[in-house]
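Structure first, commentary second.
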Amino acid sequence: MNYCSTAEKNGIAWRDMAKEILASECYKEKDAVENPSVIYPEYYLKPFHAYTQGNLSWEAAAEVEAATMSVCRRAIPSAASLEEATKVMRGNWLQAIEDHHNQNSGGLAVSDILDIGCSCGVSTRFLADKFPCANVTGLDLSPYFLAVAEYKEKLRPSRAKPIKWLHANGEETGLLSSTFDIISLAFVIHECPQYAIRGLLKEAYRLLRPGGTVALTDNSPKSKVIQNLSPVLFTLMKSTEPHLDEYYLLDLEKAMQETGFVNVRSILTDPRHRTVTGSIPRL
Ligand SMILES: C[S@@+](CC[C@H](N)C(=O)[O-])C[C@H]1O[C@@H](n2cnc3c(N)ncnc32)[C@H](O)[C@@H]1O
């Protein structure tokens, strides 16, 4: 509950949202989505975000959407409301993806989208709303988060193309090669050690069609806001984000080029976050 009071001061009903999930029938969704043969990488089993069981608990799952909202609020402190902050942060990210795809894909239609590290489905829903003609899959290692994603999805009007949820490791999805046009990893890689980031990039490269677009959005090491964080705050963040140092020390653009991505570019999509996009070479 570390961030709970600040979030509530900012109009995010953290405790009420968590209560709703804990009182719901989410556990049934977990039974349906969980793949018992998933092997969790060692880095994923560490305590995380101040939860002893990391992302593998109902406590974390119940609070994760409120935590996601807090990220938007912090990103755009000048926004008049949470809704406005969300619209700006998510809107700029989606625009960066669309612009990159339009400029570099050689006209590849957006038919299949994969959201790796989809958590409780917030980023997945934004992608599905932006590209309503696409088949959208949200993939995550936490069956608890995926259960919340499906529970939340069922609360909204049904879509012509329902979102699919997949419990898998993004480094080794088991999905067929060259079957996606866009792959997004939103706020995932600051939670991963460098070897896992490279594994995620390699798998995204395998899964994308020629001309396809990968997009990674996360904290920008070049952001003045991030650079000016006080050492105390930074140490506090590191205590709940065990792989943060590795993320900041990685030259992401270079790692993408080494994986084989072309047209790699990075833009600051809000004062704290960059969106780094790249393409699979066209045939
Ligand atoms: C901060 S959350 C992502 C938030 C979400 N994409 C959004 O934008 O709202 C990071 C997610 O990455 C997932 N994750 C971390 N490593 C992963 C891996 N190797 N494969 C799949 N998911 C992973 C975590 O379980 C967590 O749900």
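The way I read the labels, and the way they are meant: chains A, B, ... in the order of the structure tokens, residue 1 as the first residue of every chain, and ligand 1 as the first ligand shown, with later ones counted on from there.
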**OP:** Skip A:Pro242 itself and residues of its chain fewer than 3 positions away, then list as a ChimeraX atom specification all residues within 8 Å of it, counting only C-alpha atoms.
**Re:** /A:46,48,191,238-239,245
Go ahead and write the residues just picked, C-alpha atoms, as a CSV table (one decimal), in the first residue's frame.
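Here's the written file part.csv:
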chain,number,residue,atom,x,y,z
A,46,LYS,CA,11.8,-11.9,-6.5
A,48,PHE,CA,8.5,-6.8,-6.3
A,191,GLU,CA,11.1,-4.7,-14.5
A,238,LYS,CA,15.2,0.7,-6.6
A,239,SER,CA,14.1,-1.0,-3.4
A,245,ASP,CA,19.7,-0.3,-12.6
Which residues are near ligand 1 in this structure, taking near to mean any atom at most 9 Å from a ligand atom and counting only C-alpha atoms and all ligand atoms? Format them as a PDB file with N, CA and C atoms, in the first residue's frame.
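The new file pocket.pdb reads:
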ATOM      1  N   TYR A  40       8.384 -20.018 -14.569  1.00  0.00           N
ATOM      2  CA  TYR A  40       8.694 -18.617 -14.265  1.00  0.00           C
ATOM      3  C   TYR A  40      10.203 -18.413 -14.222  1.00  0.00           C
ATOM      4  N   PRO A  41      10.700 -17.384 -14.955  1.00  0.00           N
ATOM      5  CA  PRO A  41      12.134 -17.112 -14.855  1.00  0.00           C
ATOM      6  C   PRO A  41      12.496 -16.683 -13.429  1.00  0.00           C
ATOM      7  N   TYR A  43      14.215 -14.285 -12.268  1.00  0.00           N
ATOM      8  CA  TYR A  43      14.116 -12.854 -11.939  1.00  0.00           C
ATOM      9  C   TYR A  43      12.690 -12.454 -11.567  1.00  0.00           C
ATOM     10  N   TYR A  44      11.719 -13.236 -12.058  1.00  0.00           N
ATOM     11  CA  TYR A  44      10.308 -12.889 -11.867  1.00  0.00           C
ATOM     12  C   TYR A  44       9.806 -13.293 -10.478  1.00  0.00           C
ATOM     13  N   GLY A  54       5.780 -10.803  -5.295  1.00  0.00           N
ATOM     14  CA  GLY A  54       5.886 -10.098  -6.573  1.00  0.00           C
ATOM     15  C   GLY A  54       4.549  -9.984  -7.278  1.00  0.00           C
ATOM     16  N   ASN A  55       4.556 -10.294  -8.574  1.00  0.00           N
ATOM     17  CA  ASN A  55       3.331 -10.166  -9.364  1.00  0.00           C
ATOM     18  C   ASN A  55       2.432 -11.396  -9.238  1.00  0.00           C
ATOM     19  N   LEU A  56       2.859 -12.360  -8.451  1.00  0.00           N
ATOM     20  CA  LEU A  56       2.108 -13.611  -8.380  1.00  0.00           C
ATOM     21  C   LEU A  56       1.253 -13.667  -7.112  1.00  0.00           C
ATOM     22  N   ALA A  61      -2.485  -8.129  -7.755  1.00  0.00           N
ATOM     23  CA  ALA A  61      -3.465  -8.033  -8.857  1.00  0.00           C
ATOM     24  C   ALA A  61      -4.587  -7.046  -8.532  1.00  0.00           C
ATOM     25  N   VAL A  64      -3.162  -3.428  -8.998  1.00  0.00           N
ATOM     26  CA  VAL A  64      -2.327  -3.083 -10.158  1.00  0.00           C
ATOM     27  C   VAL A  64      -2.951  -2.017 -11.066  1.00  0.00           C
ATOM     28  N   GLU A  65      -4.267  -1.996 -11.185  1.00  0.00           N
ATOM     29  CA  GLU A  65      -4.855  -0.976 -12.073  1.00  0.00           C
ATOM     30  C   GLU A  65      -4.712   0.416 -11.455  1.00  0.00           C
ATOM     31  N   ALA A  67      -2.319   1.301  -9.526  1.00  0.00           N
ATOM     32  CA  ALA A  67      -0.899   1.652  -9.686  1.00  0.00           C
ATOM     33  C   ALA A  67      -0.637   2.163 -11.105  1.00  0.00           C
ATOM     34  N   THR A  68      -1.295   1.545 -12.080  1.00  0.00           N
ATOM     35  CA  THR A  68      -1.150   1.969 -13.483  1.00  0.00           C
ATOM     36  C   THR A  68      -1.672   3.398 -13.665  1.00  0.00           C
ATOM     37  N   MET A  69      -2.790   3.685 -13.013  1.00  0.00           N
ATOM     38  CA  MET A  69      -3.348   5.046 -13.096  1.00  0.00           C
ATOM     39  C   MET A  69      -2.379   6.060 -12.497  1.00  0.00           C
ATOM     40  N   VAL A  71       0.795   5.941 -12.523  1.00  0.00           N
ATOM     41  CA  VAL A  71       1.883   6.199 -13.468  1.00  0.00           C
ATOM     42  C   VAL A  71       1.487   7.351 -14.398  1.00  0.00           C
ATOM     43  N   ARG A  90      -1.180   8.004 -22.782  1.00  0.00           N
ATOM     44  CA  ARG A  90      -1.494   6.856 -23.655  1.00  0.00           C
ATOM     45  C   ARG A  90      -1.677   7.315 -25.109  1.00  0.00           C
ATOM     46  N   ASP A 115       0.401  -7.609 -27.089  1.00  0.00           N
ATOM     47  CA  ASP A 115       0.787  -6.716 -25.997  1.00  0.00           C
ATOM     48  C   ASP A 115       1.501  -7.565 -24.951  1.00  0.00           C
ATOM     49  N   ILE A 116       2.835  -7.544 -25.006  1.00  0.00           N
ATOM     50  CA  ILE A 116       3.623  -8.378 -24.084  1.00  0.00           C
ATOM     51  C   ILE A 116       3.762  -7.640 -22.749  1.00  0.00           C
ATOM     52  N   GLY A 117       3.476  -8.329 -21.650  1.00  0.00           N
ATOM     53  CA  GLY A 117       3.493  -7.686 -20.335  1.00  0.00           C
ATOM     54  C   GLY A 117       2.255  -6.808 -20.201  1.00  0.00           C
ATOM     55  N   CYS A 118       1.100  -7.403 -20.501  1.00  0.00           N
ATOM     56  CA  CYS A 118      -0.147  -6.605 -20.568  1.00  0.00           C
ATOM     57  C   CYS A 118      -0.711  -6.311 -19.184  1.00  0.00           C
ATOM     58  N   SER A 119      -0.202  -7.009 -18.139  1.00  0.00           N
ATOM     59  CA  SER A 119      -0.686  -6.781 -16.777  1.00  0.00           C
ATOM     60  C   SER A 119      -2.206  -6.983 -16.719  1.00  0.00           C
ATOM     61  N   CYS A 120      -2.932  -6.013 -16.142  1.00  0.00           N
ATOM     62  CA  CYS A 120      -4.382  -6.181 -16.018  1.00  0.00           C
ATOM     63  C   CYS A 120      -5.120  -5.679 -17.257  1.00  0.00           C
ATOM     64  N   GLY A 121      -4.383  -5.468 -18.361  1.00  0.00           N
ATOM     65  CA  GLY A 121      -5.036  -5.230 -19.648  1.00  0.00           C
ATOM     66  C   GLY A 121      -5.281  -3.789 -20.030  1.00  0.00           C
ATOM     67  N   VAL A 122      -4.755  -2.835 -19.245  1.00  0.00           N
ATOM     68  CA  VAL A 122      -5.027  -1.429 -19.575  1.00  0.00           C
ATOM     69  C   VAL A 122      -4.412  -1.074 -20.932  1.00  0.00           C
ATOM     70  N   SER A 123      -3.117  -1.408 -21.114  1.00  0.00           N
ATOM     71  CA  SER A 123      -2.468  -1.084 -22.402  1.00  0.00           C
ATOM     72  C   SER A 123      -3.133  -1.858 -23.535  1.00  0.00           C
ATOM     73  N   THR A 124      -3.551  -3.083 -23.266  1.00  0.00           N
ATOM     74  CA  THR A 124      -4.181  -3.921 -24.303  1.00  0.00           C
ATOM     75  C   THR A 124      -5.481  -3.280 -24.783  1.00  0.00           C
ATOM     76  N   PHE A 126      -6.255  -0.109 -24.649  1.00  0.00           N
ATOM     77  CA  PHE A 126      -5.949   1.087 -25.456  1.00  0.00           C
ATOM     78  C   PHE A 126      -5.583   0.685 -26.888  1.00  0.00           C
ATOM     79  N   GLY A 138      -3.320 -10.054 -25.347  1.00  0.00           N
ATOM     80  CA  GLY A 138      -2.564  -9.569 -24.189  1.00  0.00           C
ATOM     81  C   GLY A 138      -1.869 -10.760 -23.547  1.00  0.00           C
ATOM     82  N   LEU A 139      -0.557 -10.643 -23.355  1.00  0.00           N
ATOM     83  CA  LEU A 139       0.237 -11.763 -22.816  1.00  0.00           C
ATOM     84  C   LEU A 139       0.925 -11.316 -21.533  1.00  0.00           C
ATOM     85  N   ASP A 140       0.897 -12.153 -20.524  1.00  0.00           N
ATOM     86  CA  ASP A 140       1.585 -11.800 -19.281  1.00  0.00           C
ATOM     87  C   ASP A 140       2.001 -13.071 -18.544  1.00  0.00           C
ATOM     88  N   LEU A 141       3.005 -12.897 -17.667  1.00  0.00           N
ATOM     89  CA  LEU A 141       3.462 -14.030 -16.853  1.00  0.00           C
ATOM     90  C   LEU A 141       2.610 -14.216 -15.599  1.00  0.00           C
ATOM     91  N   SER A 142       1.822 -13.198 -15.241  1.00  0.00           N
ATOM     92  CA  SER A 142       1.025 -13.328 -14.017  1.00  0.00           C
ATOM     93  C   SER A 142      -0.411 -13.748 -14.334  1.00  0.00           C
ATOM     94  N   PRO A 143      -0.804 -14.946 -13.942  1.00  0.00           N
ATOM     95  CA  PRO A 143      -2.191 -15.355 -14.193  1.00  0.00           C
ATOM     96  C   PRO A 143      -3.174 -14.546 -13.347  1.00  0.00           C
ATOM     97  N   PHE A 145      -2.893 -11.239 -12.792  1.00  0.00           N
ATOM     98  CA  PHE A 145      -3.148 -10.002 -13.542  1.00  0.00           C
ATOM     99  C   PHE A 145      -4.067 -10.283 -14.733  1.00  0.00           C
ATOM    100  N   LEU A 146      -3.821 -11.419 -15.382  1.00  0.00           N
ATOM    101  CA  LEU A 146      -4.658 -11.766 -16.550  1.00  0.00           C
ATOM    102  C   LEU A 146      -6.105 -12.014 -16.120  1.00  0.00           C
ATOM    103  N   HIS A 167      -1.343 -16.635 -20.995  1.00  0.00           N
ATOM    104  CA  HIS A 167      -0.414 -16.761 -19.875  1.00  0.00           C
ATOM    105  C   HIS A 167       0.868 -17.410 -20.393  1.00  0.00           C
ATOM    106  N   ALA A 168       1.918 -16.621 -20.544  1.00  0.00           N
ATOM    107  CA  ALA A 168       3.166 -17.157 -21.110  1.00  0.00           C
ATOM    108  C   ALA A 168       4.308 -16.221 -20.760  1.00  0.00           C
ATOM    109  N   ASN A 169       5.522 -16.741 -20.976  1.00  0.00           N
ATOM    110  CA  ASN A 169       6.719 -15.906 -20.834  1.00  0.00           C
ATOM    111  C   ASN A 169       6.952 -15.208 -22.178  1.00  0.00           C
ATOM    112  N   GLY A 170       7.042 -13.884 -22.153  1.00  0.00           N
ATOM    113  CA  GLY A 170       7.258 -13.113 -23.386  1.00  0.00           C
ATOM    114  C   GLY A 170       8.573 -13.433 -24.075  1.00  0.00           C
ATOM    115  N   GLU A 171       9.484 -14.092 -23.349  1.00  0.00           N
ATOM    116  CA  GLU A 171      10.758 -14.464 -23.973  1.00  0.00           C
ATOM    117  C   GLU A 171      10.628 -15.746 -24.786  1.00  0.00           C
ATOM    118  N   GLU A 172       9.570 -16.487 -24.504  1.00  0.00           N
ATOM    119  CA  GLU A 172       9.402 -17.800 -25.141  1.00  0.00           C
ATOM    120  C   GLU A 172       7.909 -18.094 -25.166  1.00  0.00           C
ATOM    121  N   THR A 173       7.226 -17.481 -26.138  1.00  0.00           N
ATOM    122  CA  THR A 173       5.757 -17.480 -26.096  1.00  0.00           C
ATOM    123  C   THR A 173       5.130 -18.771 -26.611  1.00  0.00           C
ATOM    124  N   SER A 184       3.780  -4.612 -28.731  1.00  0.00           N
ATOM    125  CA  SER A 184       4.032  -3.544 -27.766  1.00  0.00           C
ATOM    126  C   SER A 184       4.525  -4.136 -26.449  1.00  0.00           C
ATOM    127  N   LEU A 185       5.479  -3.445 -25.846  1.00  0.00           N
ATOM    128  CA  LEU A 185       5.891  -3.757 -24.466  1.00  0.00           C
ATOM    129  C   LEU A 185       5.819  -2.426 -23.716  1.00  0.00           C
ATOM    130  N   ALA A 186       4.747  -2.201 -23.004  1.00  0.00           N
ATOM    131  CA  ALA A 186       4.549  -0.918 -22.325  1.00  0.00           C
ATOM    132  C   ALA A 186       4.864  -1.073 -20.834  1.00  0.00           C
ATOM    133  N   PHE A 187       5.882  -0.360 -20.380  1.00  0.00           N
ATOM    134  CA  PHE A 187       6.289  -0.343 -18.965  1.00  0.00           C
ATOM    135  C   PHE A 187       6.664  -1.728 -18.457  1.00  0.00           C
ATOM    136  N   VAL A 188       7.263  -2.533 -19.333  1.00  0.00           N
ATOM    137  CA  VAL A 188       7.646  -3.900 -18.973  1.00  0.00           C
ATOM    138  C   VAL A 188       9.137  -3.981 -18.665  1.00  0.00           C
ATOM    139  N   ILE A 189       9.969  -3.377 -19.526  1.00  0.00           N
ATOM    140  CA  ILE A 189      11.391  -3.738 -19.454  1.00  0.00           C
ATOM    141  C   ILE A 189      12.148  -3.123 -18.279  1.00  0.00           C
ATOM    142  N   HIS A 190      11.575  -2.095 -17.615  1.00  0.00           N
ATOM    143  CA  HIS A 190      12.280  -1.603 -16.415  1.00  0.00           C
ATOM    144  C   HIS A 190      12.145  -2.628 -15.284  1.00  0.00           C
ATOM    145  N   GLU A 191      11.270  -3.624 -15.497  1.00  0.00           N
ATOM    146  CA  GLU A 191      11.080  -4.675 -14.496  1.00  0.00           C
ATOM    147  C   GLU A 191      11.937  -5.908 -14.805  1.00  0.00           C
ATOM    148  N   CYS A 192      12.783  -5.819 -15.834  1.00  0.00           N
ATOM    149  CA  CYS A 192      13.513  -7.018 -16.292  1.00  0.00           C
ATOM    150  C   CYS A 192      15.027  -6.799 -16.274  1.00  0.00           C
ATOM    151  N   ALA A 196      16.900 -10.675 -19.907  1.00  0.00           N
ATOM    152  CA  ALA A 196      15.483 -10.881 -20.227  1.00  0.00           C
ATOM    153  C   ALA A 196      15.009  -9.853 -21.260  1.00  0.00           C
ATOM    154  N   ILE A 197      15.497  -8.622 -21.168  1.00  0.00           N
ATOM    155  CA  ILE A 197      15.116  -7.603 -22.170  1.00  0.00           C
ATOM    156  C   ILE A 197      15.571  -8.085 -23.552  1.00  0.00           C
ATOM    157  N   GLY A 199      16.045 -11.153 -24.422  1.00  0.00           N
ATOM    158  CA  GLY A 199      15.199 -12.311 -24.766  1.00  0.00           C
ATOM    159  C   GLY A 199      13.841 -11.857 -25.302  1.00  0.00           C
ATOM    160  N   LEU A 200      13.288 -10.815 -24.690  1.00  0.00           N
ATOM    161  CA  LEU A 200      11.983 -10.284 -25.140  1.00  0.00           C
ATOM    162  C   LEU A 200      12.106  -9.681 -26.541  1.00  0.00           C
ATOM    163  N   THR A 217       7.698   1.259 -24.525  1.00  0.00           N
ATOM    164  CA  THR A 217       7.597   2.544 -23.836  1.00  0.00           C
ATOM    165  C   THR A 217       7.936   2.338 -22.366  1.00  0.00           C
ATOM    166  N   ASP A 218       8.701   3.271 -21.817  1.00  0.00           N
ATOM    167  CA  ASP A 218       9.155   3.117 -20.419  1.00  0.00           C
ATOM    168  C   ASP A 218       9.847   4.407 -19.983  1.00  0.00           C
TER     169      ASP A 218
END
Subject >> Point-to-point distance from atom CA of A:Leu207 to atom CA of A:Asn135, Å rounded to tenths >> reply: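 For atom CA of A:Leu207 relative to atom CA of A:Asn135, the distance reads 14.5 Å.
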Original post:
Of the candidates A:His243, A:Arg73, A:Lys130, A:Arg156, which one gets nearest to A:Gln194 if we count only C-alpha atoms?
Top reply: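 Using only C-alpha atoms, A:Gln194 sits closest to A:His243.
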Original post:
From the set A:Gly278, A:Pro132, A:Gly106, A:Pro36, which residue has the shortest atom-to-atom contact distance to A:Ser158, counting only C-alpha atoms?
Top reply: A:Pro132
Original post:
Could you write out, as a ChimeraX atom specification, all the residues of stretch 109-276 of chain A that DSSP marks as strand (DSSP E or B)?
Top reply: /A:112-116,135-140,164-167,169,172,180-186,208-219,262-268,273-276
**OP:** Please provide the set of residues having any atom within 9 Å of A:Tyr248, restricted to only C-alpha atoms, with same-chain residues fewer than 4 positions apart removed, written as a count of residues only.
**Re:** 6
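One finds atom CA of A:Trp165 at 21.2 Å from atom CA of A:Leu45.
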Original post:
From the list A:Glu98, A:Glu83, A:Glu203, A:Glu63, which residue is nearest A:Leu22 when using only C-alpha atoms?
Top reply: A:Glu63
Original post:
DSSP says alpha helix (DSSP H) for which residues of stretch 47-210 of chain A? Put them as JSON, numbers by chain?
Top reply: {"A": [58, 59, 60, 61, 62, 63, 64, 65, 66, 67, 68, 69, 70, 71, 72, 73, 74, 75, 82, 83, 84, 85, 86, 87, 88, 89, 90, 91, 92, 93, 94, 95, 96, 97, 98, 99, 100, 101, 102, 103, 104, 122, 123, 124, 125, 126, 127, 128, 129, 130, 143, 144, 145, 146, 147, 148, 149, 150, 151, 152, 153, 154, 155, 194, 195, 196, 197, 198, 199, 200, 201, 202, 203, 204, 205, 206, 207]}
Subject >> 12 Å contact set for A:Met256, only C-alpha atoms, chain neighbours under 6 positions out, as an MDAnalysis selection string >> reply: chainID A and resid 197:205 213:216 250 262:266 276:280
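Across A:Thr235, A:Tyr3, A:Phe261, A:Leu208, the tightest approach to A:Ala50 is made by A:Tyr3 when counting only C-alpha atoms.
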